[in-house]
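Colleague: Here you go, this is work08.txt (compact mmCIF, N, CA and C atoms and all ligand atoms).
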```txt
# COMPACT_ATOMS: atom_id res chain seq x y z
N MET R 8 41.04 168.70 143.61
CA MET R 8 41.62 168.60 142.26
C MET R 8 42.40 169.84 141.90
N LYS R 9 41.81 170.99 142.28
CA LYS R 9 42.45 172.25 141.94
C LYS R 9 43.83 172.36 142.60
N LYS R 10 43.86 171.91 143.85
CA LYS R 10 45.09 171.96 144.62
C LYS R 10 46.19 171.12 143.94
N VAL R 11 45.80 169.95 143.49
CA VAL R 11 46.75 169.05 142.85
C VAL R 11 47.30 169.70 141.58
N PHE R 12 46.39 170.28 140.81
CA PHE R 12 46.79 170.90 139.56
C PHE R 12 47.80 172.03 139.80
N LEU R 13 47.47 172.88 140.77
CA LEU R 13 48.35 174.01 141.06
C LEU R 13 49.71 173.53 141.56
N GLY R 14 49.67 172.44 142.29
CA GLY R 14 50.91 171.89 142.81
C GLY R 14 51.81 171.38 141.70
N LEU R 15 51.22 170.84 140.64
CA LEU R 15 52.00 170.28 139.54
C LEU R 15 52.49 171.35 138.58
N LEU R 16 51.81 172.46 138.56
CA LEU R 16 52.09 173.47 137.55
C LEU R 16 53.56 173.92 137.50
N PRO R 17 54.16 174.27 138.64
CA PRO R 17 55.56 174.72 138.58
C PRO R 17 56.46 173.64 137.98
N LEU R 18 56.17 172.41 138.31
CA LEU R 18 56.96 171.29 137.81
C LEU R 18 56.83 171.19 136.30
N LEU R 19 55.59 171.31 135.81
CA LEU R 19 55.35 171.22 134.37
C LEU R 19 56.04 172.36 133.64
N LEU R 20 56.00 173.53 134.21
CA LEU R 20 56.63 174.69 133.57
C LEU R 20 58.14 174.51 133.51
N THR R 21 58.69 173.92 134.55
CA THR R 21 60.13 173.69 134.60
C THR R 21 60.54 172.69 133.54
N MET R 22 59.71 171.69 133.34
CA MET R 22 60.08 170.61 132.43
C MET R 22 59.83 170.95 130.96
N ALA R 23 58.92 171.87 130.73
CA ALA R 23 58.46 172.12 129.36
C ALA R 23 59.57 172.35 128.33
N PRO R 24 60.56 173.22 128.62
CA PRO R 24 61.54 173.47 127.56
C PRO R 24 62.54 172.34 127.37
N LEU R 25 62.59 171.42 128.34
CA LEU R 25 63.60 170.38 128.30
C LEU R 25 63.04 169.13 127.64
N SER R 26 62.75 169.21 126.38
CA SER R 26 62.10 168.07 125.73
C SER R 26 63.00 166.84 125.73
N TRP R 27 64.33 167.07 125.76
CA TRP R 27 65.25 165.92 125.75
C TRP R 27 65.09 165.07 127.00
N ALA R 28 64.59 165.69 128.08
CA ALA R 28 64.46 164.98 129.34
C ALA R 28 63.42 163.88 129.25
N GLU R 29 62.63 163.88 128.18
CA GLU R 29 61.59 162.88 128.03
C GLU R 29 62.14 161.54 127.53
N LEU R 30 63.37 161.58 127.06
CA LEU R 30 63.96 160.35 126.53
C LEU R 30 64.78 159.66 127.61
N ALA R 31 64.44 158.42 127.90
CA ALA R 31 65.23 157.63 128.85
C ALA R 31 65.98 156.55 128.08
N ILE R 32 67.25 156.42 128.38
CA ILE R 32 68.08 155.42 127.71
C ILE R 32 68.54 154.42 128.77
N GLU R 33 68.16 153.17 128.57
CA GLU R 33 68.47 152.14 129.56
C GLU R 33 69.13 150.93 128.91
N ASN R 34 69.77 150.16 129.77
CA ASN R 34 70.35 148.88 129.34
C ASN R 34 71.32 149.04 128.16
N ALA R 35 72.04 150.16 128.13
CA ALA R 35 72.99 150.36 127.03
C ALA R 35 74.22 149.48 127.23
N HIS R 36 74.64 148.83 126.17
CA HIS R 36 75.87 148.04 126.21
C HIS R 36 76.46 147.94 124.82
N ILE R 37 77.77 147.79 124.79
CA ILE R 37 78.49 147.75 123.52
C ILE R 37 79.14 146.38 123.37
N ARG R 38 79.03 145.83 122.18
CA ARG R 38 79.65 144.53 121.94
C ARG R 38 81.17 144.68 121.88
N ALA R 39 81.85 143.87 122.67
CA ALA R 39 83.32 143.88 122.63
C ALA R 39 83.78 143.57 121.22
N SER R 40 84.82 144.25 120.77
CA SER R 40 85.26 144.02 119.40
C SER R 40 86.00 142.69 119.30
N ILE R 41 85.89 142.10 118.12
CA ILE R 41 86.55 140.83 117.85
C ILE R 41 87.91 141.17 117.25
N PRO R 42 88.99 140.51 117.72
CA PRO R 42 90.32 140.83 117.19
C PRO R 42 90.33 140.84 115.66
N GLY R 43 90.83 141.90 115.08
CA GLY R 43 90.92 142.00 113.64
C GLY R 43 89.69 142.60 112.98
N ALA R 44 88.58 142.69 113.73
CA ALA R 44 87.35 143.27 113.15
C ALA R 44 87.30 144.76 113.51
N PRO R 45 87.16 145.61 112.52
CA PRO R 45 87.20 147.06 112.78
C PRO R 45 85.87 147.64 113.25
N ASN R 46 84.81 146.83 113.26
CA ASN R 46 83.48 147.36 113.57
C ASN R 46 82.86 146.69 114.79
N THR R 47 81.97 147.42 115.44
CA THR R 47 81.14 146.79 116.47
C THR R 47 79.85 147.60 116.62
N ALA R 48 79.03 147.21 117.59
CA ALA R 48 77.70 147.84 117.70
C ALA R 48 77.31 148.03 119.16
N ALA R 49 76.38 148.95 119.38
CA ALA R 49 75.81 149.17 120.70
C ALA R 49 74.32 148.91 120.66
N PHE R 50 73.80 148.45 121.80
CA PHE R 50 72.38 148.13 121.94
C PHE R 50 71.84 148.82 123.18
N LEU R 51 70.56 149.17 123.15
CA LEU R 51 69.97 149.88 124.29
C LEU R 51 68.46 149.94 124.13
N THR R 52 67.81 150.39 125.20
CA THR R 52 66.36 150.56 125.18
C THR R 52 66.04 152.05 125.32
N LEU R 53 65.20 152.56 124.42
CA LEU R 53 64.80 153.96 124.43
C LEU R 53 63.35 154.05 124.88
N SER R 54 63.08 154.91 125.86
CA SER R 54 61.71 155.13 126.31
C SER R 54 61.37 156.60 126.21
N ASN R 55 60.21 156.88 125.69
CA ASN R 55 59.76 158.27 125.52
C ASN R 55 58.57 158.52 126.43
N SER R 56 58.80 159.28 127.50
CA SER R 56 57.71 159.57 128.43
C SER R 56 56.99 160.86 128.05
N GLY R 57 57.41 161.49 126.96
CA GLY R 57 56.78 162.73 126.52
C GLY R 57 55.54 162.48 125.69
N ASP R 58 54.98 163.55 125.15
CA ASP R 58 53.76 163.40 124.35
C ASP R 58 54.03 163.66 122.86
N GLN R 59 55.31 163.65 122.50
CA GLN R 59 55.65 163.82 121.08
C GLN R 59 56.70 162.81 120.67
N THR R 60 56.60 162.39 119.42
CA THR R 60 57.58 161.45 118.90
C THR R 60 58.98 162.04 118.96
N ILE R 61 59.93 161.24 119.40
CA ILE R 61 61.33 161.67 119.39
C ILE R 61 62.01 160.99 118.21
N ARG R 62 62.61 161.81 117.37
CA ARG R 62 63.30 161.28 116.19
C ARG R 62 64.80 161.40 116.39
N LEU R 63 65.46 160.28 116.53
CA LEU R 63 66.92 160.30 116.62
C LEU R 63 67.45 160.18 115.20
N VAL R 64 68.21 161.18 114.79
CA VAL R 64 68.59 161.24 113.38
C VAL R 64 70.05 160.87 113.11
N ARG R 65 70.87 160.84 114.16
CA ARG R 65 72.22 160.33 113.96
C ARG R 65 72.88 159.98 115.28
N ALA R 66 73.99 159.28 115.15
CA ALA R 66 74.79 158.90 116.31
C ALA R 66 76.20 159.43 116.11
N GLU R 67 76.85 159.76 117.22
CA GLU R 67 78.22 160.29 117.15
C GLU R 67 79.07 159.62 118.23
N SER R 68 80.35 159.49 117.95
CA SER R 68 81.26 159.00 118.98
C SER R 68 82.68 159.36 118.60
N GLU R 69 83.55 159.21 119.59
CA GLU R 69 84.98 159.41 119.32
C GLU R 69 85.71 158.08 119.30
N ILE R 70 84.95 156.99 119.44
CA ILE R 70 85.61 155.67 119.49
C ILE R 70 85.74 155.05 118.11
N ALA R 71 85.10 155.66 117.11
CA ALA R 71 85.16 155.11 115.76
C ALA R 71 85.18 156.23 114.73
N ALA R 72 85.73 155.93 113.57
CA ALA R 72 85.77 156.93 112.51
C ALA R 72 84.36 157.30 112.06
N ARG R 73 83.49 156.30 112.03
CA ARG R 73 82.09 156.56 111.65
C ARG R 73 81.15 155.88 112.62
N THR R 74 80.12 156.60 113.01
CA THR R 74 79.09 156.06 113.91
C THR R 74 77.75 156.29 113.23
N GLU R 75 76.98 155.21 113.06
CA GLU R 75 75.72 155.31 112.31
C GLU R 75 74.61 154.57 113.02
N LEU R 76 73.38 154.97 112.70
CA LEU R 76 72.20 154.24 113.17
C LEU R 76 71.86 153.20 112.10
N HIS R 77 71.81 151.95 112.51
CA HIS R 77 71.62 150.85 111.55
C HIS R 77 70.42 149.99 111.91
N THR R 78 69.95 149.27 110.91
CA THR R 78 69.00 148.19 111.18
C THR R 78 69.40 146.98 110.34
N HIS R 79 68.74 145.87 110.59
CA HIS R 79 68.93 144.67 109.77
C HIS R 79 67.71 144.50 108.88
N THR R 80 67.95 144.13 107.66
CA THR R 80 66.84 143.77 106.79
C THR R 80 67.17 142.45 106.12
N LYS R 81 66.11 141.72 105.78
CA LYS R 81 66.32 140.45 105.11
C LYS R 81 66.25 140.71 103.61
N ASP R 82 67.32 140.36 102.93
CA ASP R 82 67.43 140.62 101.51
C ASP R 82 67.65 139.27 100.82
N ASN R 83 66.62 138.75 100.17
CA ASN R 83 66.69 137.42 99.57
C ASN R 83 67.13 136.36 100.57
N GLY R 84 66.59 136.47 101.79
CA GLY R 84 66.91 135.48 102.81
C GLY R 84 68.21 135.73 103.53
N VAL R 85 68.94 136.76 103.12
CA VAL R 85 70.21 137.07 103.78
C VAL R 85 70.05 138.33 104.63
N MET R 86 70.46 138.25 105.89
CA MET R 86 70.37 139.42 106.76
C MET R 86 71.48 140.41 106.42
N ARG R 87 71.07 141.64 106.18
CA ARG R 87 72.05 142.68 105.87
C ARG R 87 71.80 143.87 106.77
N MET R 88 72.87 144.64 106.97
CA MET R 88 72.73 145.86 107.75
C MET R 88 72.67 147.05 106.81
N ARG R 89 71.86 148.02 107.19
CA ARG R 89 71.86 149.26 106.43
C ARG R 89 71.60 150.43 107.38
N GLU R 90 72.04 151.59 106.95
CA GLU R 90 71.83 152.78 107.75
C GLU R 90 70.35 153.19 107.66
N VAL R 91 69.81 153.69 108.78
CA VAL R 91 68.44 154.20 108.76
C VAL R 91 68.47 155.72 108.86
N GLU R 92 67.43 156.33 108.31
CA GLU R 92 67.33 157.78 108.32
C GLU R 92 67.13 158.30 109.74
N ALA R 93 66.32 157.56 110.51
CA ALA R 93 66.03 157.97 111.88
C ALA R 93 65.50 156.79 112.67
N VAL R 94 65.69 156.85 113.98
CA VAL R 94 65.03 155.91 114.89
C VAL R 94 63.95 156.72 115.59
N GLU R 95 62.70 156.32 115.40
CA GLU R 95 61.59 157.07 115.97
C GLU R 95 61.06 156.38 117.21
N VAL R 96 60.99 157.16 118.30
CA VAL R 96 60.43 156.63 119.54
C VAL R 96 59.09 157.32 119.75
N PRO R 97 57.98 156.58 119.59
CA PRO R 97 56.67 157.22 119.70
C PRO R 97 56.38 157.71 121.12
N ALA R 98 55.52 158.72 121.23
CA ALA R 98 55.12 159.24 122.55
C ALA R 98 54.61 158.10 123.41
N GLY R 99 55.14 157.99 124.60
CA GLY R 99 54.72 156.94 125.53
C GLY R 99 55.21 155.56 125.13
N GLY R 100 56.06 155.51 124.14
CA GLY R 100 56.49 154.21 123.62
C GLY R 100 57.94 153.88 123.89
N GLN R 101 58.31 152.71 123.44
CA GLN R 101 59.64 152.19 123.68
C GLN R 101 60.19 151.56 122.41
N VAL R 102 61.48 151.75 122.16
CA VAL R 102 62.14 151.10 121.04
C VAL R 102 63.38 150.40 121.57
N VAL R 103 63.54 149.15 121.20
CA VAL R 103 64.69 148.38 121.69
C VAL R 103 65.68 148.18 120.54
N LEU R 104 66.90 148.62 120.77
CA LEU R 104 67.98 148.35 119.83
C LEU R 104 68.65 147.08 120.31
N GLN R 105 68.62 146.03 119.49
CA GLN R 105 69.11 144.73 119.94
C GLN R 105 69.72 143.95 118.78
N PRO R 106 70.53 142.94 119.10
CA PRO R 106 71.15 142.15 118.03
C PRO R 106 70.09 141.62 117.06
N GLY R 107 70.35 141.76 115.77
CA GLY R 107 69.41 141.32 114.76
C GLY R 107 68.44 142.40 114.34
N GLY R 108 68.43 143.53 115.04
CA GLY R 108 67.52 144.63 114.71
C GLY R 108 68.27 145.95 114.65
N LEU R 109 67.62 146.98 115.16
CA LEU R 109 68.25 148.29 115.20
C LEU R 109 69.49 148.26 116.10
N HIS R 110 70.50 149.03 115.72
CA HIS R 110 71.70 149.13 116.55
C HIS R 110 72.46 150.40 116.22
N VAL R 111 73.36 150.78 117.11
CA VAL R 111 74.28 151.88 116.82
C VAL R 111 75.56 151.23 116.32
N MET R 112 75.96 151.60 115.11
CA MET R 112 77.12 150.95 114.47
C MET R 112 78.36 151.80 114.59
N PHE R 113 79.43 151.18 115.04
CA PHE R 113 80.73 151.86 115.10
C PHE R 113 81.63 151.25 114.03
N MET R 114 82.05 152.06 113.09
CA MET R 114 82.89 151.57 112.00
C MET R 114 84.28 152.16 112.08
N GLN R 115 85.27 151.33 111.85
CA GLN R 115 86.68 151.72 111.96
C GLN R 115 86.98 152.23 113.37
N LEU R 116 86.92 151.31 114.31
CA LEU R 116 87.22 151.63 115.71
C LEU R 116 88.61 152.23 115.84
N VAL R 117 88.72 153.24 116.67
CA VAL R 117 90.01 153.88 116.92
C VAL R 117 90.95 152.90 117.62
N GLU R 118 90.39 152.17 118.62
CA GLU R 118 91.13 151.10 119.27
C GLU R 118 90.16 150.01 119.69
N PRO R 119 90.68 148.78 119.92
CA PRO R 119 89.77 147.69 120.28
C PRO R 119 88.99 148.00 121.56
N LEU R 120 87.76 147.49 121.64
CA LEU R 120 86.94 147.66 122.84
C LEU R 120 86.89 146.31 123.56
N ASN R 121 87.39 146.30 124.79
CA ASN R 121 87.49 145.06 125.54
C ASN R 121 86.43 144.98 126.64
N PRO R 122 85.98 143.74 126.95
CA PRO R 122 84.99 143.58 128.02
C PRO R 122 85.49 144.23 129.30
N GLY R 123 84.61 144.89 130.02
CA GLY R 123 84.97 145.54 131.27
C GLY R 123 85.25 147.03 131.10
N GLU R 124 85.51 147.44 129.85
CA GLU R 124 85.73 148.86 129.60
C GLU R 124 84.39 149.59 129.48
N GLN R 125 84.48 150.90 129.48
CA GLN R 125 83.29 151.74 129.27
C GLN R 125 83.55 152.59 128.04
N ALA R 126 82.51 152.93 127.33
CA ALA R 126 82.67 153.84 126.20
C ALA R 126 81.46 154.76 126.15
N LYS R 127 81.67 155.87 125.47
CA LYS R 127 80.66 156.93 125.44
C LYS R 127 80.28 157.21 123.99
N PHE R 128 79.00 157.44 123.77
CA PHE R 128 78.59 157.90 122.44
C PHE R 128 77.37 158.78 122.60
N TYR R 129 76.90 159.33 121.50
CA TYR R 129 75.79 160.28 121.57
C TYR R 129 74.72 159.92 120.55
N LEU R 130 73.47 160.11 120.94
CA LEU R 130 72.36 160.02 120.01
C LEU R 130 71.82 161.44 119.84
N VAL R 131 71.67 161.87 118.60
CA VAL R 131 71.26 163.25 118.33
C VAL R 131 69.85 163.24 117.75
N ASP R 132 68.96 164.04 118.36
CA ASP R 132 67.59 164.08 117.84
C ASP R 132 67.42 165.20 116.82
N ASP R 133 66.26 165.24 116.21
CA ASP R 133 66.03 166.21 115.13
C ASP R 133 65.89 167.64 115.64
N GLN R 134 65.91 167.82 116.99
CA GLN R 134 65.93 169.16 117.55
C GLN R 134 67.37 169.61 117.83
N GLY R 135 68.30 168.72 117.54
CA GLY R 135 69.71 169.04 117.75
C GLY R 135 70.24 168.68 119.13
N SER R 136 69.39 168.06 119.98
CA SER R 136 69.85 167.67 121.31
C SER R 136 70.71 166.42 121.22
N ARG R 137 71.83 166.45 121.94
CA ARG R 137 72.72 165.30 121.97
C ARG R 137 72.50 164.56 123.29
N HIS R 138 72.11 163.31 123.19
CA HIS R 138 71.88 162.49 124.37
C HIS R 138 73.11 161.63 124.60
N GLN R 139 73.80 161.89 125.70
CA GLN R 139 75.01 161.12 125.95
C GLN R 139 74.67 159.75 126.51
N VAL R 140 75.37 158.75 126.02
CA VAL R 140 75.19 157.39 126.51
C VAL R 140 76.54 156.86 126.97
N GLN R 141 76.58 156.41 128.20
CA GLN R 141 77.79 155.78 128.75
C GLN R 141 77.46 154.31 128.87
N ALA R 142 78.25 153.47 128.24
CA ALA R 142 77.86 152.06 128.20
C ALA R 142 79.04 151.14 128.47
N PRO R 143 78.78 150.03 129.17
CA PRO R 143 79.83 149.05 129.39
C PRO R 143 80.07 148.22 128.12
N VAL R 144 81.30 147.81 127.96
CA VAL R 144 81.65 146.92 126.84
C VAL R 144 81.51 145.48 127.33
N MET R 145 80.74 144.69 126.58
CA MET R 145 80.45 143.32 127.00
C MET R 145 80.64 142.35 125.84
N LYS R 146 80.85 141.09 126.23
CA LYS R 146 80.92 140.04 125.20
C LYS R 146 79.51 139.69 124.79
N ILE R 147 79.19 139.86 123.51
CA ILE R 147 77.85 139.50 123.01
C ILE R 147 78.06 138.67 121.75
N LYS R 148 77.43 137.53 121.71
CA LYS R 148 77.56 136.68 120.52
C LYS R 148 76.81 137.28 119.35
N ALA R 149 77.39 137.17 118.18
CA ALA R 149 76.70 137.63 116.97
C ALA R 149 75.57 136.66 116.66
N LEU R 150 74.42 137.21 116.27
CA LEU R 150 73.28 136.36 115.95
C LEU R 150 73.45 135.70 114.60
N HIS R 151 74.06 136.45 113.69
CA HIS R 151 74.20 135.97 112.31
C HIS R 151 75.62 136.20 111.86
N LYS R 152 76.09 135.29 111.07
CA LYS R 152 77.43 135.47 110.50
C LYS R 152 77.51 136.77 109.72
N SER R 153 76.41 137.09 109.04
CA SER R 153 76.42 138.27 108.17
C SER R 153 76.53 139.57 108.96
N SER R 154 76.26 139.51 110.28
CA SER R 154 76.33 140.75 111.03
C SER R 154 77.77 141.21 111.22
N LYS R 155 78.71 140.37 110.84
CA LYS R 155 80.11 140.78 110.95
C LYS R 155 80.55 141.54 109.70
N GLN R 156 79.86 141.32 108.63
CA GLN R 156 80.31 141.96 107.39
C GLN R 156 79.78 143.39 107.25
N HIS R 157 80.56 144.21 106.62
CA HIS R 157 80.13 145.58 106.42
C HIS R 157 80.78 146.15 105.17
CU CU A 1 75.40 147.82 111.43
```
Could you render the structure from this file as structure tokens?

Modeller:
Amino acid sequence: MKKVFLGLLPLLLTMAPLSWAELAIENAHIRASIPGAPNTAAFLTLSNSGDQTIRLVRAESEIAARTELHTHTKDNGVMRMREVEAVEVPAGGQVVLQPGGLHVMFMQLVEPLNPGEQAKFYLVDDQGSRHQVQAPVMKIKALHKSSKQH
């Protein structure tokens, strides 16, 4: 046991200051923009292999005038989008950003995003670390008509 512990120690020491390394971002994809619609969204899966909650407090990109963290809420039976203060990924946990739920919102796209293209954006945590996300642009059907309005 002692041998195993000593063997792991250098690795643990190396990893300790890099808390951002605990966040894994998978299955990222961006909805292709609809002609004439200035907004679109990105979806992805966040996994936290660390032992502390990761709080993502904002999103940034150069593909849109505004990039925000959004969720959907039901308001008198109508699905609406609103900005969230933070997306929290619990220690050892996973959060899925998906149509109808949490998403990264791009408002006032600089140019249309077409299927087959790639785009880049960032998720920023409350420690100031910027997590770069490179994602393919794909055709994704809107779940609700209201998800087009903003
Ligand atoms: Cu939104």

Colleague: Compare R:Glu92, R:Glu75, R:Asp82, R:Asp132 by their minimum atom-to-atom distance to ligand CU 1 (chain A), counting only N, CA and C atoms and all ligand atoms, and give me the closest one.

Modeller: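 Nearest candidate to ligand CU 1 (chain A) out of R:Glu92, R:Glu75, R:Asp82, R:Asp132: R:Glu75.
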
Colleague: Could you tell me, counting all atoms listed in the file, which protein and nucleic acid residues lie no more than 5 Å from ligand CU 1 (chain A), written as a compact mmCIF listing (two decimals) with N, CA and C atoms, in the coordinates of the input?

Modeller:
```
# COMPACT_ATOMS: atom_id res chain seq x y z
N HIS R 77 71.81 151.95 112.51
CA HIS R 77 71.62 150.85 111.55
C HIS R 77 70.42 149.99 111.91
N MET R 88 72.87 144.64 106.97
CA MET R 88 72.73 145.86 107.75
C MET R 88 72.67 147.05 106.81
N MET R 112 75.96 151.60 115.11
CA MET R 112 77.12 150.95 114.47
C MET R 112 78.36 151.80 114.59
```

Colleague: Hey, can you pull every residue with an atom no more than 8 Å from (78.6, 155.8, 123.7), using only C-alpha atoms, and send it as a ChimeraX atom specification?

Modeller: /R:49,67-68,126-129,139-142

Colleague: Which of chain R end up as alpha helix (DSSP H) when DSSP is run on this backbone - answer as an MDAnalysis selection string?

Modeller: chainID R and resid 9:22

Colleague: Residues near Pro122 in chain R, anyone? I mean within 8 Å using only C-alpha atoms, not counting same-chain ones fewer than 5 positions away, as a list in words.

Modeller: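 Listed by chain and then number, they are Ala39, Pro143, Val144, Met145 and Lys146 of chain R.
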
Colleague: List every residue of chain R that DSSP, applied to the backbone of this structure, places in strand (DSSP E or B), and write the result as a PyMOL selection string.

Modeller: chain R and resi 30-38+47-55+61-68+71-82+85-90+94-96+101-104+110-116+125-132+137-145
